[in-house]
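Okay, so here's the structure we're looking at.
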Amino acid sequence: MAVQSNLRDMSLSSVPRTASSILPTRKEDARMAISFLLPPEVADRIESILAQLRYKTQASCILLADIGGQLIGEQGTMDHFDTAIFSALTAGNMAATAEIARQVGEETHFKQVFHEGERQSVYLCSVGDSFLLVVVFSTRVQIGLVRLFARQAVKQLLPLAGEFEALQAQPGEAIDVDFGEALGIEMESVLSGWAAP
Amino acid sequence: MSDNQHEVALFGLTPLEEVLHKMNDQGHFEASILASNDGLPIAAVSSSYDSDTTAAMVALLQTVSKQARVELGMAEVDEVSILDRDRIRLVCRYLVIDGEELILAVMVPPNRCYRRATNWAALQIKAAYER
């Protein structure tokens, strides 16, 4: 599903209308990615932790993404806000601050990054080495509150992140044994349609 | 404040702000804040005091009191209070919840008791954190 999502991102303008209409939205991509990689009970637990964090902080939106920006879980929505793009941007942001940390002599990356806005602020923190927790919250909410409960959520997410990492390290189990053969047949069929006239 | 007015006043508050609001009502406090030990506000009830400044100052007080405790060989500090010439008292109560050090600070008007209300709030804060 993640591959399909990337293809859609790269060639959206060239996809015929009929084909693009059957492709899932980015949010659906994210949910499919979760169901594809995560056992349902782990995905449910992640959603529950994010929902609790949102309740306690009254955040506008909460995202959990991997270090590459792939969305894993989300709670809450905002107008004109694409969570898949946002999670990719925050991953880029964390990568940039990792370099800042290196420049100032830190041995590891910064664990938290806070952006203060006029109406909305963004708090980013790492969950282990591979994941990011992103909290978008109104400036009416105290930063200390977000920080306190984000730390609590990180403690709860860490064991789940470990499970997720273990699953990612076993791609053979996620892809069916017949996948290679099926892919070969499909590729052959597509390419034969492109044969010279 | 009537029950209805109270409900309206609490609308839109975080659970921790609700606790502070109710504690202020119980103890007739002028202001209250819950801050982290590094000086960031966690919850505050709106008052004339700036929450960022108050949080930073009560965290500073905690640092000094910790140093004094170590130098003087005292046990864990339960509270620190500052009394001004108008008899207004700043009380800082220290809480440790799930390894997080928090500071509950209240401005107590002259001749008012504060232990019972702040003890109640400490229990409620713990419950809200663990809920």
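Simple scheme: letters A, B, ... for chains in structure tokens order, numbers from 1 for residues in each chain, numbers from 1 for ligands in the order shown.
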
Original post:
So which residues touch segment 62-75 of chain B within 9 Å, counting only C-alpha atoms, skipping near sequence neighbours fewer than 2 positions away, as a PyMOL selection string?
Top reply: chain B and resi 37+57-60+77-78+80+92+94+103

Deliver the residues from the most recent selection as a file, using N, CA and C atoms, as a PDB file, in the first residue's frame.
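Result saved to part-v4.pdb:
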```
ATOM      1  N   ASN B  37       9.036  21.158  36.733  1.00  0.00           N
ATOM      2  CA  ASN B  37      10.203  21.585  37.523  1.00  0.00           C
ATOM      3  C   ASN B  37      11.228  22.349  36.680  1.00  0.00           C
ATOM      4  N   MET B  57       9.437  31.373  37.954  1.00  0.00           N
ATOM      5  CA  MET B  57       9.881  31.780  39.292  1.00  0.00           C
ATOM      6  C   MET B  57       9.683  30.680  40.329  1.00  0.00           C
ATOM      7  N   VAL B  58       8.555  29.958  40.239  1.00  0.00           N
ATOM      8  CA  VAL B  58       8.347  28.891  41.235  1.00  0.00           C
ATOM      9  C   VAL B  58       9.324  27.732  41.000  1.00  0.00           C
ATOM     10  N   ALA B  59       9.725  27.547  39.748  1.00  0.00           N
ATOM     11  CA  ALA B  59      10.731  26.513  39.466  1.00  0.00           C
ATOM     12  C   ALA B  59      12.087  26.946  40.037  1.00  0.00           C
ATOM     13  N   LEU B  60      12.354  28.253  39.949  1.00  0.00           N
ATOM     14  CA  LEU B  60      13.600  28.784  40.519  1.00  0.00           C
ATOM     15  C   LEU B  60      13.614  28.587  42.041  1.00  0.00           C
ATOM     16  N   VAL B  77      11.448  18.328  50.644  1.00  0.00           N
ATOM     17  CA  VAL B  77      10.703  19.573  50.900  1.00  0.00           C
ATOM     18  C   VAL B  77       9.235  19.352  50.522  1.00  0.00           C
ATOM     19  N   ASP B  78       8.350  19.714  51.411  1.00  0.00           N
ATOM     20  CA  ASP B  78       6.917  19.549  51.156  1.00  0.00           C
ATOM     21  C   ASP B  78       6.324  20.839  50.602  1.00  0.00           C
ATOM     22  N   VAL B  80       7.141  25.366  50.103  1.00  0.00           N
ATOM     23  CA  VAL B  80       7.903  26.599  50.335  1.00  0.00           C
ATOM     24  C   VAL B  80       6.903  27.731  50.236  1.00  0.00           C
ATOM     25  N   CYS B  92       4.177  27.137  47.446  1.00  0.00           N
ATOM     26  CA  CYS B  92       4.570  26.165  46.418  1.00  0.00           C
ATOM     27  C   CYS B  92       4.570  24.779  47.056  1.00  0.00           C
ATOM     28  N   TYR B  94       5.183  20.715  46.344  1.00  0.00           N
ATOM     29  CA  TYR B  94       5.916  19.886  45.378  1.00  0.00           C
ATOM     30  C   TYR B  94       5.293  18.497  45.287  1.00  0.00           C
ATOM     31  N   ILE B 103       5.097  21.372  40.301  1.00  0.00           N
ATOM     32  CA  ILE B 103       4.980  22.387  41.353  1.00  0.00           C
ATOM     33  C   ILE B 103       3.574  22.977  41.296  1.00  0.00           C
TER      34      ILE B 103
END
```

Any chance you could tabulate, as JSON lines, the residues of chain B at most 10 Å from chain A with each one's nearest atom pair and distance in Å to one decimal, using only C-alpha atoms, in chain and rising number order?
```
{"residue": "B:Gly12", "atom": "CA", "partner": "A:Gln58", "partner_atom": "CA", "distance": 8.8}
{"residue": "B:Leu13", "atom": "CA", "partner": "A:Gln58", "partner_atom": "CA", "distance": 8.7}
{"residue": "B:Thr14", "atom": "CA", "partner": "A:Lys56", "partner_atom": "CA", "distance": 6.6}
{"residue": "B:Pro15", "atom": "CA", "partner": "A:Lys56", "partner_atom": "CA", "distance": 7.0}
{"residue": "B:Leu16", "atom": "CA", "partner": "A:Lys56", "partner_atom": "CA", "distance": 8.5}
{"residue": "B:Leu34", "atom": "CA", "partner": "A:Gly144", "partner_atom": "CA", "distance": 9.0}
{"residue": "B:Ala35", "atom": "CA", "partner": "A:Gly144", "partner_atom": "CA", "distance": 7.0}
{"residue": "B:Ser36", "atom": "CA", "partner": "A:Gly144", "partner_atom": "CA", "distance": 6.5}
{"residue": "B:Asn37", "atom": "CA", "partner": "A:Gly144", "partner_atom": "CA", "distance": 9.9}
{"residue": "B:Asp38", "atom": "CA", "partner": "A:Gly144", "partner_atom": "CA", "distance": 9.2}
{"residue": "B:Gly39", "atom": "CA", "partner": "A:Gly144", "partner_atom": "CA", "distance": 8.3}
{"residue": "B:Leu40", "atom": "CA", "partner": "A:Gly144", "partner_atom": "CA", "distance": 4.8}
{"residue": "B:Pro41", "atom": "CA", "partner": "A:Gly144", "partner_atom": "CA", "distance": 4.9}
{"residue": "B:Ile42", "atom": "CA", "partner": "A:Leu145", "partner_atom": "CA", "distance": 4.0}
{"residue": "B:Ala43", "atom": "CA", "partner": "A:Gln142", "partner_atom": "CA", "distance": 6.3}
{"residue": "B:Ala44", "atom": "CA", "partner": "A:Gln142", "partner_atom": "CA", "distance": 8.2}
{"residue": "B:Ser51", "atom": "CA", "partner": "A:Gln142", "partner_atom": "CA", "distance": 9.1}
{"residue": "B:Asp52", "atom": "CA", "partner": "A:Gln142", "partner_atom": "CA", "distance": 9.1}
{"residue": "B:Ala55", "atom": "CA", "partner": "A:Gly144", "partner_atom": "CA", "distance": 9.6}
{"residue": "B:Asp98", "atom": "CA", "partner": "A:Gln152", "partner_atom": "CA", "distance": 8.9}
{"residue": "B:Glu100", "atom": "CA", "partner": "A:Leu148", "partner_atom": "CA", "distance": 8.0}
{"residue": "B:Leu102", "atom": "CA", "partner": "A:Leu148", "partner_atom": "CA", "distance": 9.6}
{"residue": "B:Ala128", "atom": "CA", "partner": "A:Lys56", "partner_atom": "CA", "distance": 8.5}
{"residue": "B:Tyr129", "atom": "CA", "partner": "A:Phe149", "partner_atom": "CA", "distance": 7.9}
{"residue": "B:Glu130", "atom": "CA", "partner": "A:Gln152", "partner_atom": "CA", "distance": 9.3}
{"residue": "B:Arg131", "atom": "CA", "partner": "A:Gln52", "partner_atom": "CA", "distance": 8.9}
```

Those same residues - C-alpha atoms - I'd like them written as a PDB file, in the first residue's frame.
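Printed below is result04.pdb as written:
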```pdb
ATOM      1  CA  GLY B  12     -13.318  24.368  27.488  1.00  0.00           C
ATOM      2  CA  LEU B  13     -10.819  23.898  30.299  1.00  0.00           C
ATOM      3  CA  THR B  14      -8.381  21.001  30.395  1.00  0.00           C
ATOM      4  CA  PRO B  15      -8.937  18.510  33.271  1.00  0.00           C
ATOM      5  CA  LEU B  16      -5.973  20.013  35.166  1.00  0.00           C
ATOM      6  CA  LEU B  34       0.764  23.968  38.008  1.00  0.00           C
ATOM      7  CA  ALA B  35       4.275  24.079  36.562  1.00  0.00           C
ATOM      8  CA  SER B  36       6.942  21.597  35.576  1.00  0.00           C
ATOM      9  CA  ASN B  37      10.203  21.585  37.523  1.00  0.00           C
ATOM     10  CA  ASP B  38      11.949  23.166  34.528  1.00  0.00           C
ATOM     11  CA  GLY B  39       9.684  26.203  34.694  1.00  0.00           C
ATOM     12  CA  LEU B  40       7.048  25.549  32.052  1.00  0.00           C
ATOM     13  CA  PRO B  41       3.390  26.191  32.855  1.00  0.00           C
ATOM     14  CA  ILE B  42       1.214  23.056  32.689  1.00  0.00           C
ATOM     15  CA  ALA B  43      -2.082  24.572  33.790  1.00  0.00           C
ATOM     16  CA  ALA B  44      -3.060  27.986  35.094  1.00  0.00           C
ATOM     17  CA  SER B  51       1.708  32.303  33.878  1.00  0.00           C
ATOM     18  CA  ASP B  52       5.075  32.041  32.086  1.00  0.00           C
ATOM     19  CA  ALA B  55       6.043  29.102  36.375  1.00  0.00           C
ATOM     20  CA  ASP B  98       4.988   8.923  37.904  1.00  0.00           C
ATOM     21  CA  GLU B 100       7.492  13.792  36.980  1.00  0.00           C
ATOM     22  CA  LEU B 102       5.469  19.159  39.427  1.00  0.00           C
ATOM     23  CA  ALA B 128      -6.062  13.343  36.140  1.00  0.00           C
ATOM     24  CA  TYR B 129      -2.511  12.415  35.137  1.00  0.00           C
ATOM     25  CA  GLU B 130      -3.083   8.699  35.559  1.00  0.00           C
ATOM     26  CA  ARG B 131      -6.583   8.604  34.048  1.00  0.00           C
TER      27      ARG B 131
END
```

Original post:
Residues at most 12 Å from Ser87 of chain A, counting only C-alpha atoms, excluding those fewer than 5 positions away in the same chain, as a VMD selection string?
Top reply: chain A and resid 26 to 27 30 61 to 74 81 to 82 92 to 94 122 124 131 to 136

For the residues selected in the previous step, produce a file with C-alpha atoms as a PDB file, in the first residue's frame.
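Here's the written file selection-v9.pdb:
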```
ATOM      1  CA  ARG A  26      -3.902   9.965   1.525  1.00  0.00           C
ATOM      2  CA  LYS A  27      -5.730   9.400   4.823  1.00  0.00           C
ATOM      3  CA  ALA A  30      -2.255   5.934   5.961  1.00  0.00           C
ATOM      4  CA  CYS A  61      -4.282  17.220  15.897  1.00  0.00           C
ATOM      5  CA  ILE A  62      -1.880  14.471  16.903  1.00  0.00           C
ATOM      6  CA  LEU A  63       0.193  12.360  14.535  1.00  0.00           C
ATOM      7  CA  LEU A  64       2.528   9.441  14.931  1.00  0.00           C
ATOM      8  CA  ALA A  65       4.904   8.953  12.023  1.00  0.00           C
ATOM      9  CA  ASP A  66       8.027   7.000  11.350  1.00  0.00           C
ATOM     10  CA  ILE A  67      11.339   8.792  10.972  1.00  0.00           C
ATOM     11  CA  GLY A  68      10.884   8.821   7.187  1.00  0.00           C
ATOM     12  CA  GLY A  69       7.566  10.669   7.472  1.00  0.00           C
ATOM     13  CA  GLN A  70       5.224   7.728   6.837  1.00  0.00           C
ATOM     14  CA  LEU A  71       2.050   8.321   8.820  1.00  0.00           C
ATOM     15  CA  ILE A  72       1.256   5.573  11.327  1.00  0.00           C
ATOM     16  CA  GLY A  73      -1.567   7.041  13.380  1.00  0.00           C
ATOM     17  CA  GLU A  74      -3.535  10.258  13.710  1.00  0.00           C
ATOM     18  CA  PHE A  81      -4.483  20.204   6.474  1.00  0.00           C
ATOM     19  CA  ASP A  82      -3.071  17.107   4.816  1.00  0.00           C
ATOM     20  CA  GLY A  92      12.265  16.612   7.461  1.00  0.00           C
ATOM     21  CA  ASN A  93      12.192  19.137  10.275  1.00  0.00           C
ATOM     22  CA  MET A  94      13.515  16.588  12.784  1.00  0.00           C
ATOM     23  CA  VAL A 122       3.666  22.465  16.993  1.00  0.00           C
ATOM     24  CA  LEU A 124       7.601  17.320  17.993  1.00  0.00           C
ATOM     25  CA  PHE A 131       9.288   7.387  15.332  1.00  0.00           C
ATOM     26  CA  LEU A 132       7.985  10.906  15.787  1.00  0.00           C
ATOM     27  CA  LEU A 133       5.084  12.176  17.819  1.00  0.00           C
ATOM     28  CA  VAL A 134       3.622  15.439  16.510  1.00  0.00           C
ATOM     29  CA  VAL A 135       1.188  17.569  18.517  1.00  0.00           C
ATOM     30  CA  VAL A 136      -0.507  20.569  16.883  1.00  0.00           C
TER      31      VAL A 136
END
```

Tell me, as a short mmCIF file (atom, residue, chain, number, x, y, z; two decimals) with N, CA and C atoms, in the first residue's frame, which residues lie within 9 Å of Met23 of chain B, counting only C-alpha atoms; anything in the same chain fewer than 5 positions away does not count.
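Result file is selection03.cif:
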```cif
data_model
loop_
_atom_site.label_atom_id
_atom_site.label_comp_id
_atom_site.auth_asym_id
_atom_site.auth_seq_id
_atom_site.Cartn_x
_atom_site.Cartn_y
_atom_site.Cartn_z
N GLU B 18 -9.39 22.52 35.29
CA GLU B 18 -10.62 22.36 36.08
C GLU B 18 -10.29 22.16 37.55
N HIS B 28 -10.49 29.97 48.12
CA HIS B 28 -10.58 31.42 47.84
C HIS B 28 -9.22 32.00 47.47
N PHE B 29 -8.47 31.21 46.67
CA PHE B 29 -7.14 31.67 46.26
C PHE B 29 -7.26 32.72 45.15
N SER B 32 -3.58 30.45 40.83
CA SER B 32 -2.89 29.18 41.03
C SER B 32 -2.28 28.74 39.71
N ALA B 117 -7.14 22.49 50.79
CA ALA B 117 -7.49 22.66 49.37
C ALA B 117 -6.35 22.21 48.45
N THR B 118 -5.11 22.50 48.86
CA THR B 118 -3.99 22.09 47.99
C THR B 118 -3.76 20.58 48.06
N TRP B 120 -6.17 18.40 48.44
CA TRP B 120 -7.25 17.87 47.58
C TRP B 120 -6.81 17.98 46.11
N ALA B 121 -6.27 19.15 45.76
CA ALA B 121 -5.85 19.37 44.37
C ALA B 121 -4.75 18.40 43.96
#
```

**OP:** Using DSSP on the backbone coordinates, identify all residues within chain B classified as helix (DSSP H, G or I); present the result as a ChimeraX atom specification.
**Re:** /B:3-10,15-27,51-72,115-130

**OP:** If you run DSSP over the backbone, which residues in segment 61-138 of chain A end up strand (DSSP E or B)? Put them as a PyMOL selection string.
**Re:** chain A and resi 61-66+71-75+112-115+120-127+131-138

Using N, CA and C atoms, can you write the selected residues to a file as a PDB file, in the first residue's frame?
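Wrote it out as again.pdb, contents follow:
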```pdb
ATOM      1  N   CYS A  61      -4.607  18.387  16.715  1.00  0.00           N
ATOM      2  CA  CYS A  61      -4.282  17.220  15.897  1.00  0.00           C
ATOM      3  C   CYS A  61      -3.031  16.537  16.459  1.00  0.00           C
ATOM      4  N   ILE A  62      -3.041  15.222  16.429  1.00  0.00           N
ATOM      5  CA  ILE A  62      -1.880  14.471  16.903  1.00  0.00           C
ATOM      6  C   ILE A  62      -1.517  13.416  15.864  1.00  0.00           C
ATOM      7  N   LEU A  63      -0.256  13.336  15.538  1.00  0.00           N
ATOM      8  CA  LEU A  63       0.193  12.360  14.535  1.00  0.00           C
ATOM      9  C   LEU A  63       1.331  11.524  15.108  1.00  0.00           C
ATOM     10  N   LEU A  64       1.364  10.278  14.665  1.00  0.00           N
ATOM     11  CA  LEU A  64       2.528   9.441  14.931  1.00  0.00           C
ATOM     12  C   LEU A  64       3.055   9.016  13.565  1.00  0.00           C
ATOM     13  N   ALA A  65       4.317   9.286  13.326  1.00  0.00           N
ATOM     14  CA  ALA A  65       4.904   8.953  12.023  1.00  0.00           C
ATOM     15  C   ALA A  65       6.228   8.249  12.252  1.00  0.00           C
ATOM     16  N   ASP A  66       6.689   7.556  11.212  1.00  0.00           N
ATOM     17  CA  ASP A  66       8.027   7.000  11.350  1.00  0.00           C
ATOM     18  C   ASP A  66       9.040   8.075  10.948  1.00  0.00           C
ATOM     19  N   LEU A  71       3.039   8.173   7.757  1.00  0.00           N
ATOM     20  CA  LEU A  71       2.050   8.321   8.820  1.00  0.00           C
ATOM     21  C   LEU A  71       1.649   6.950   9.368  1.00  0.00           C
ATOM     22  N   ILE A  72       1.642   6.840  10.694  1.00  0.00           N
ATOM     23  CA  ILE A  72       1.256   5.573  11.327  1.00  0.00           C
ATOM     24  C   ILE A  72      -0.095   5.710  12.028  1.00  0.00           C
ATOM     25  N   GLY A  73      -0.298   6.831  12.682  1.00  0.00           N
ATOM     26  CA  GLY A  73      -1.567   7.041  13.380  1.00  0.00           C
ATOM     27  C   GLY A  73      -1.873   8.524  13.466  1.00  0.00           C
ATOM     28  N   GLU A  74      -3.156   8.845  13.597  1.00  0.00           N
ATOM     29  CA  GLU A  74      -3.535  10.258  13.710  1.00  0.00           C
ATOM     30  C   GLU A  74      -4.810  10.391  14.508  1.00  0.00           C
ATOM     31  N   GLN A  75      -4.938  11.507  15.179  1.00  0.00           N
ATOM     32  CA  GLN A  75      -6.155  11.851  15.915  1.00  0.00           C
ATOM     33  C   GLN A  75      -6.432  13.317  15.690  1.00  0.00           C
ATOM     34  N   GLN A 112      13.240  16.869  21.510  1.00  0.00           N
ATOM     35  CA  GLN A 112      11.989  17.616  21.332  1.00  0.00           C
ATOM     36  C   GLN A 112      12.255  18.887  20.536  1.00  0.00           C
ATOM     37  N   VAL A 113      11.266  19.266  19.745  1.00  0.00           N
ATOM     38  CA  VAL A 113      11.347  20.525  18.990  1.00  0.00           C
ATOM     39  C   VAL A 113       9.999  21.217  19.157  1.00  0.00           C
ATOM     40  N   PHE A 114      10.039  22.519  19.418  1.00  0.00           N
ATOM     41  CA  PHE A 114       8.799  23.254  19.648  1.00  0.00           C
ATOM     42  C   PHE A 114       8.760  24.472  18.731  1.00  0.00           C
ATOM     43  N   HIS A 115       7.670  24.613  17.969  1.00  0.00           N
ATOM     44  CA  HIS A 115       7.471  25.783  17.113  1.00  0.00           C
ATOM     45  C   HIS A 115       6.296  26.572  17.679  1.00  0.00           C
ATOM     46  N   GLN A 120      -1.502  28.673  16.442  1.00  0.00           N
ATOM     47  CA  GLN A 120      -1.229  27.247  16.614  1.00  0.00           C
ATOM     48  C   GLN A 120       0.264  27.040  16.836  1.00  0.00           C
ATOM     49  N   SER A 121       0.577  26.094  17.666  1.00  0.00           N
ATOM     50  CA  SER A 121       1.980  25.725  17.871  1.00  0.00           C
ATOM     51  C   SER A 121       2.153  24.246  17.550  1.00  0.00           C
ATOM     52  N   VAL A 122       3.386  23.862  17.330  1.00  0.00           N
ATOM     53  CA  VAL A 122       3.666  22.465  16.993  1.00  0.00           C
ATOM     54  C   VAL A 122       4.783  21.957  17.906  1.00  0.00           C
ATOM     55  N   TYR A 123       4.516  20.804  18.494  1.00  0.00           N
ATOM     56  CA  TYR A 123       5.501  20.172  19.371  1.00  0.00           C
ATOM     57  C   TYR A 123       5.864  18.820  18.757  1.00  0.00           C
ATOM     58  N   LEU A 124       7.143  18.587  18.565  1.00  0.00           N
ATOM     59  CA  LEU A 124       7.601  17.320  17.993  1.00  0.00           C
ATOM     60  C   LEU A 124       8.499  16.623  19.012  1.00  0.00           C
ATOM     61  N   CYS A 125       8.323  15.340  19.157  1.00  0.00           N
ATOM     62  CA  CYS A 125       9.294  14.616  19.980  1.00  0.00           C
ATOM     63  C   CYS A 125       9.517  13.229  19.402  1.00  0.00           C
ATOM     64  N   SER A 126      10.688  12.705  19.658  1.00  0.00           N
ATOM     65  CA  SER A 126      11.001  11.392  19.099  1.00  0.00           C
ATOM     66  C   SER A 126      10.510  10.300  20.040  1.00  0.00           C
ATOM     67  N   VAL A 127      10.056   9.216  19.432  1.00  0.00           N
ATOM     68  CA  VAL A 127       9.643   8.026  20.196  1.00  0.00           C
ATOM     69  C   VAL A 127      10.653   6.950  19.834  1.00  0.00           C
ATOM     70  N   PHE A 131      10.625   6.805  15.476  1.00  0.00           N
ATOM     71  CA  PHE A 131       9.288   7.387  15.332  1.00  0.00           C
ATOM     72  C   PHE A 131       9.205   8.805  15.877  1.00  0.00           C
ATOM     73  N   LEU A 132       8.203   9.511  15.388  1.00  0.00           N
ATOM     74  CA  LEU A 132       7.985  10.906  15.787  1.00  0.00           C
ATOM     75  C   LEU A 132       6.560  11.076  16.275  1.00  0.00           C
ATOM     76  N   LEU A 133       6.420  11.812  17.351  1.00  0.00           N
ATOM     77  CA  LEU A 133       5.084  12.176  17.819  1.00  0.00           C
ATOM     78  C   LEU A 133       4.927  13.673  17.548  1.00  0.00           C
ATOM     79  N   VAL A 134       3.842  14.034  16.890  1.00  0.00           N
ATOM     80  CA  VAL A 134       3.622  15.439  16.510  1.00  0.00           C
ATOM     81  C   VAL A 134       2.327  15.912  17.151  1.00  0.00           C
ATOM     82  N   VAL A 135       2.391  17.011  17.886  1.00  0.00           N
ATOM     83  CA  VAL A 135       1.188  17.569  18.517  1.00  0.00           C
ATOM     84  C   VAL A 135       0.996  18.986  17.985  1.00  0.00           C
ATOM     85  N   VAL A 136      -0.156  19.218  17.348  1.00  0.00           N
ATOM     86  CA  VAL A 136      -0.507  20.569  16.883  1.00  0.00           C
ATOM     87  C   VAL A 136      -1.540  21.096  17.864  1.00  0.00           C
ATOM     88  N   PHE A 137      -1.245  22.219  18.503  1.00  0.00           N
ATOM     89  CA  PHE A 137      -2.159  22.697  19.548  1.00  0.00           C
ATOM     90  C   PHE A 137      -2.312  24.207  19.513  1.00  0.00           C
ATOM     91  N   SER A 138      -3.447  24.635  20.034  1.00  0.00           N
ATOM     92  CA  SER A 138      -3.743  26.063  20.093  1.00  0.00           C
ATOM     93  C   SER A 138      -2.798  26.743  21.084  1.00  0.00           C
TER      94      SER A 138
END
```

**OP:** Can you work out the spacing between atom CA of Val45 of chain B and atom CA of Leu61 of chain B in Å, to one decimal?
**Re:**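 Here the two named atoms are 20.2 Å from each other.
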
Subject >> Nearest to Leu157 of chain A, chosen from A:Ala96, A:Arg119, A:Glu106, A:Ser130, with only C-alpha atoms counted in the distances >> reply: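 Among A:Ala96, A:Arg119, A:Glu106, A:Ser130, it is A:Ser130 that comes nearest to Leu157 of chain A.
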